[in-house]
Amino acid sequence: MSTPFNDVAAKHAAFNTKARQRIQQTEFMMSAPTFRLCPADIGLEVAFAGRSNAGKSSAINALTNQRQLARSSKTPGRTQMINFFNVGDADRRLVDLPGYGYAAVPLEMKKEWQVELEEYLVSRSSLAGLVLMSDIRHPLKFFDEQMLRWAKDGELPVHILLTKADKLKYGASKNALLNTRKKLKELGLNCSIQLFSALRKEGLDELAGVMGNWYEYQLDADKIIESSFALLEGDELEDAIEKDALQKDNVSKDSSQEDSSQEKSK
Ligand SMILES: Nc1nc2c(ncn2[C@@H]2O[C@H](COP(=O)(O)OP(=O)(O)O)[C@@H](O)[C@H]2O)c(=O)[nH]1
Ligand SMILES: [Mg+2]
């Protein structure tokens, strides 16, 4: 039965799925060693940050459905460049910030980098949101909190991913989610938060939905609602949309074949 709640839920699910499809169009743009050399401050940017080894590269690769877009490295702290990606069009960017918390980086460099990072989080106009990744087994370490405070100073919206959720059993991962929410509240921080697993590809639509809002996507979710998908959610909805797209694709191929056979018979 279609209820107002179901309709709203289906609308959200449709938006998230479409946002994810669009985010899969991500392409590498450029690397910069410092923020001074980064692209012009126009359009909309979403930054990804986290401690080294938190699962940031894996999250970007899973989200964009590209195996090697962000290099997932076994050597923590090796990626010191700021990497920029185009998300579908030139004015929407994803920024992969260098992982922090790597002990071998000299103290002076760390300080310099932190000043730059704070400046970027607080004053970059195109920065629409920050995705902060934290390992579900030890969430919100010292520097994560530091990042959250800077984001708060800059009135920058933050979405937290508790990564590698597959490492915990279902109940334990839900507890970690609730506890981290509570901790955020105690710290006076107003961030959204979700479970995420790049390994199991869980949480991708939810993340894409948040980013889609930051990118100000105007996706035509209404059309989907009118159709037979109205009561589907999550994977079911995705499958239905995929099947529908395939069917449409076949129909257009059929009709183009007809066109060419008509050409021949002329
Ligand atoms: N079990 C599990 N391991 C993960 C997941 N995501 C990343 N990892 C592992 O965690 C390590 C660090 O991942 P990586 O994406 O390179 O982290 P980064 O340093 O933050 O970019 C790698 O060994 C990954 O295979 C996940 O969702 N589940
Ligand atoms: Mg990485």
# chains A, B, ... in the order shown; residues from 1 in each chain; ligands from 1

$ residues_around --residues "Pro39 of chain A" --least-positions-apart "6" --cutoff "10 Å" --atoms "only C-alpha atoms" --output "PyMOL selection string"
chain A and resi 29-32+84+93

$ select_by_dssp --residues "segment 5-247 of chain A" --states "alpha helix (DSSP H)" --output "PyMOL selection string"
chain A and resi 5-23+56-64+107-123+142-153+170-186+204-214+221-226+234-247

$ write_last_selection --atoms "C-alpha atoms" --output "compact mmCIF listing (two decimals), in the first residue's frame"
# COMPACT_ATOMS: atom_id res chain seq x y z
CA PHE A 5 5.77 7.82 4.49
CA ASN A 6 6.51 5.20 1.85
CA ASP A 7 6.32 7.82 -0.85
CA VAL A 8 8.83 10.04 0.92
CA ALA A 9 11.12 7.09 1.62
CA ALA A 10 10.93 5.99 -2.01
CA LYS A 11 11.65 9.51 -3.16
CA HIS A 12 14.76 9.64 -0.99
CA ALA A 13 15.87 6.23 -2.18
CA ALA A 14 15.40 7.27 -5.81
CA PHE A 15 17.35 10.48 -5.25
CA ASN A 16 20.19 8.59 -3.58
CA THR A 17 20.39 6.00 -6.35
CA LYS A 18 20.44 8.65 -9.05
CA ALA A 19 23.04 10.68 -7.15
CA ARG A 20 25.19 7.57 -6.93
CA GLN A 21 24.87 6.97 -10.67
CA ARG A 22 25.99 10.52 -11.31
CA ILE A 23 28.88 10.29 -8.86
CA LYS A 56 39.40 6.61 2.52
CA SER A 57 40.78 5.39 -0.80
CA SER A 58 38.65 2.25 -0.62
CA ALA A 59 35.57 4.38 0.09
CA ILE A 60 36.22 6.65 -2.91
CA ASN A 61 36.81 3.67 -5.18
CA ALA A 62 33.64 1.91 -3.99
CA LEU A 63 31.54 5.06 -4.26
CA THR A 64 32.70 5.86 -7.78
CA LEU A 107 56.68 17.84 13.24
CA GLU A 108 57.40 21.07 11.34
CA MET A 109 55.70 19.72 8.23
CA LYS A 110 52.77 18.61 10.31
CA LYS A 111 52.30 22.09 11.76
CA GLU A 112 52.53 23.76 8.37
CA TRP A 113 50.06 21.32 6.93
CA GLN A 114 47.61 21.81 9.78
CA VAL A 115 47.59 25.57 9.33
CA GLU A 116 46.81 25.10 5.64
CA LEU A 117 44.17 22.48 6.33
CA GLU A 118 42.40 24.64 8.88
CA GLU A 119 42.46 27.57 6.48
CA TYR A 120 41.01 25.40 3.72
CA LEU A 121 38.20 24.02 5.91
CA VAL A 122 37.27 27.41 7.31
CA SER A 123 37.55 29.66 4.28
CA PHE A 142 42.17 13.17 18.57
CA PHE A 143 42.77 14.60 15.11
CA ASP A 144 39.29 13.60 13.91
CA GLU A 145 37.89 15.77 16.68
CA GLN A 146 40.23 18.56 15.65
CA MET A 147 38.88 18.34 12.09
CA LEU A 148 35.31 18.43 13.40
CA ARG A 149 36.05 21.57 15.44
CA TRP A 150 37.55 23.36 12.44
CA ALA A 151 34.56 22.35 10.35
CA LYS A 152 32.31 23.75 13.04
CA ASP A 153 34.29 27.02 13.08
CA TYR A 170 25.58 -6.29 13.24
CA GLY A 171 24.68 -5.52 16.86
CA ALA A 172 28.16 -4.25 17.70
CA SER A 173 28.20 -1.97 14.66
CA LYS A 174 24.82 -0.49 15.63
CA ASN A 175 26.17 0.11 19.14
CA ALA A 176 29.24 1.84 17.76
CA LEU A 177 26.94 4.06 15.69
CA LEU A 178 24.80 4.99 18.70
CA ASN A 179 27.82 5.59 20.96
CA THR A 180 29.55 7.79 18.41
CA ARG A 181 26.34 9.78 17.93
CA LYS A 182 26.17 10.28 21.66
CA LYS A 183 29.79 11.40 21.81
CA LEU A 184 29.19 13.92 19.01
CA LYS A 185 26.25 15.32 20.90
CA GLU A 186 28.36 15.65 24.05
CA LEU A 204 27.00 3.76 -0.80
CA ASP A 205 23.53 5.10 -1.62
CA GLU A 206 23.26 6.84 1.73
CA LEU A 207 26.61 8.55 1.20
CA ALA A 208 25.72 9.48 -2.40
CA GLY A 209 22.47 11.03 -1.19
CA VAL A 210 24.29 13.29 1.27
CA MET A 211 26.80 14.32 -1.39
CA GLY A 212 24.00 14.81 -3.93
CA ASN A 213 22.43 17.35 -1.60
CA TRP A 214 25.75 19.14 -1.18
CA ALA A 221 12.83 11.72 -8.57
CA ASP A 222 9.13 12.45 -9.12
CA LYS A 223 9.04 10.59 -12.40
CA ILE A 224 10.36 7.47 -10.75
CA ILE A 225 7.76 7.67 -7.99
CA GLU A 226 4.91 7.74 -10.49
CA GLY A 234 17.59 0.05 -1.42
CA ASP A 235 18.83 -2.85 -3.54
CA GLU A 236 15.35 -3.73 -4.81
CA LEU A 237 14.89 -0.21 -6.08
CA GLU A 238 18.30 -0.22 -7.68
CA ASP A 239 17.62 -3.52 -9.46
CA ALA A 240 14.28 -2.23 -10.74
CA ILE A 241 15.86 0.95 -12.07
CA GLU A 242 18.62 -1.03 -13.74
CA LYS A 243 16.14 -3.41 -15.38
CA ASP A 244 14.03 -0.50 -16.53
CA ALA A 245 17.07 1.20 -18.07
CA LEU A 246 18.04 -2.04 -19.82
CA GLN A 247 14.55 -2.43 -21.24

$ atom_distance --atom1 "atom CA of Lys169 of chain A" --atom2 "atom CA of Gly101 of chain A"
27.0 Å

$ residues_near_ligand --ligand "ligand 1" --cutoff "8 Å" --atoms "only C-alpha atoms and all ligand atoms" --output "ChimeraX atom specification"
/A:50-59,70-77,99,133,163-167,196-201

$ select_by_dssp --residues "segment 36-227 of chain A" --states "strand (DSSP E or B)" --output "MDAnalysis selection string"
chainID A and resid 44:51 82:87 89:96 100 127:135 158:163 192:195 197 202
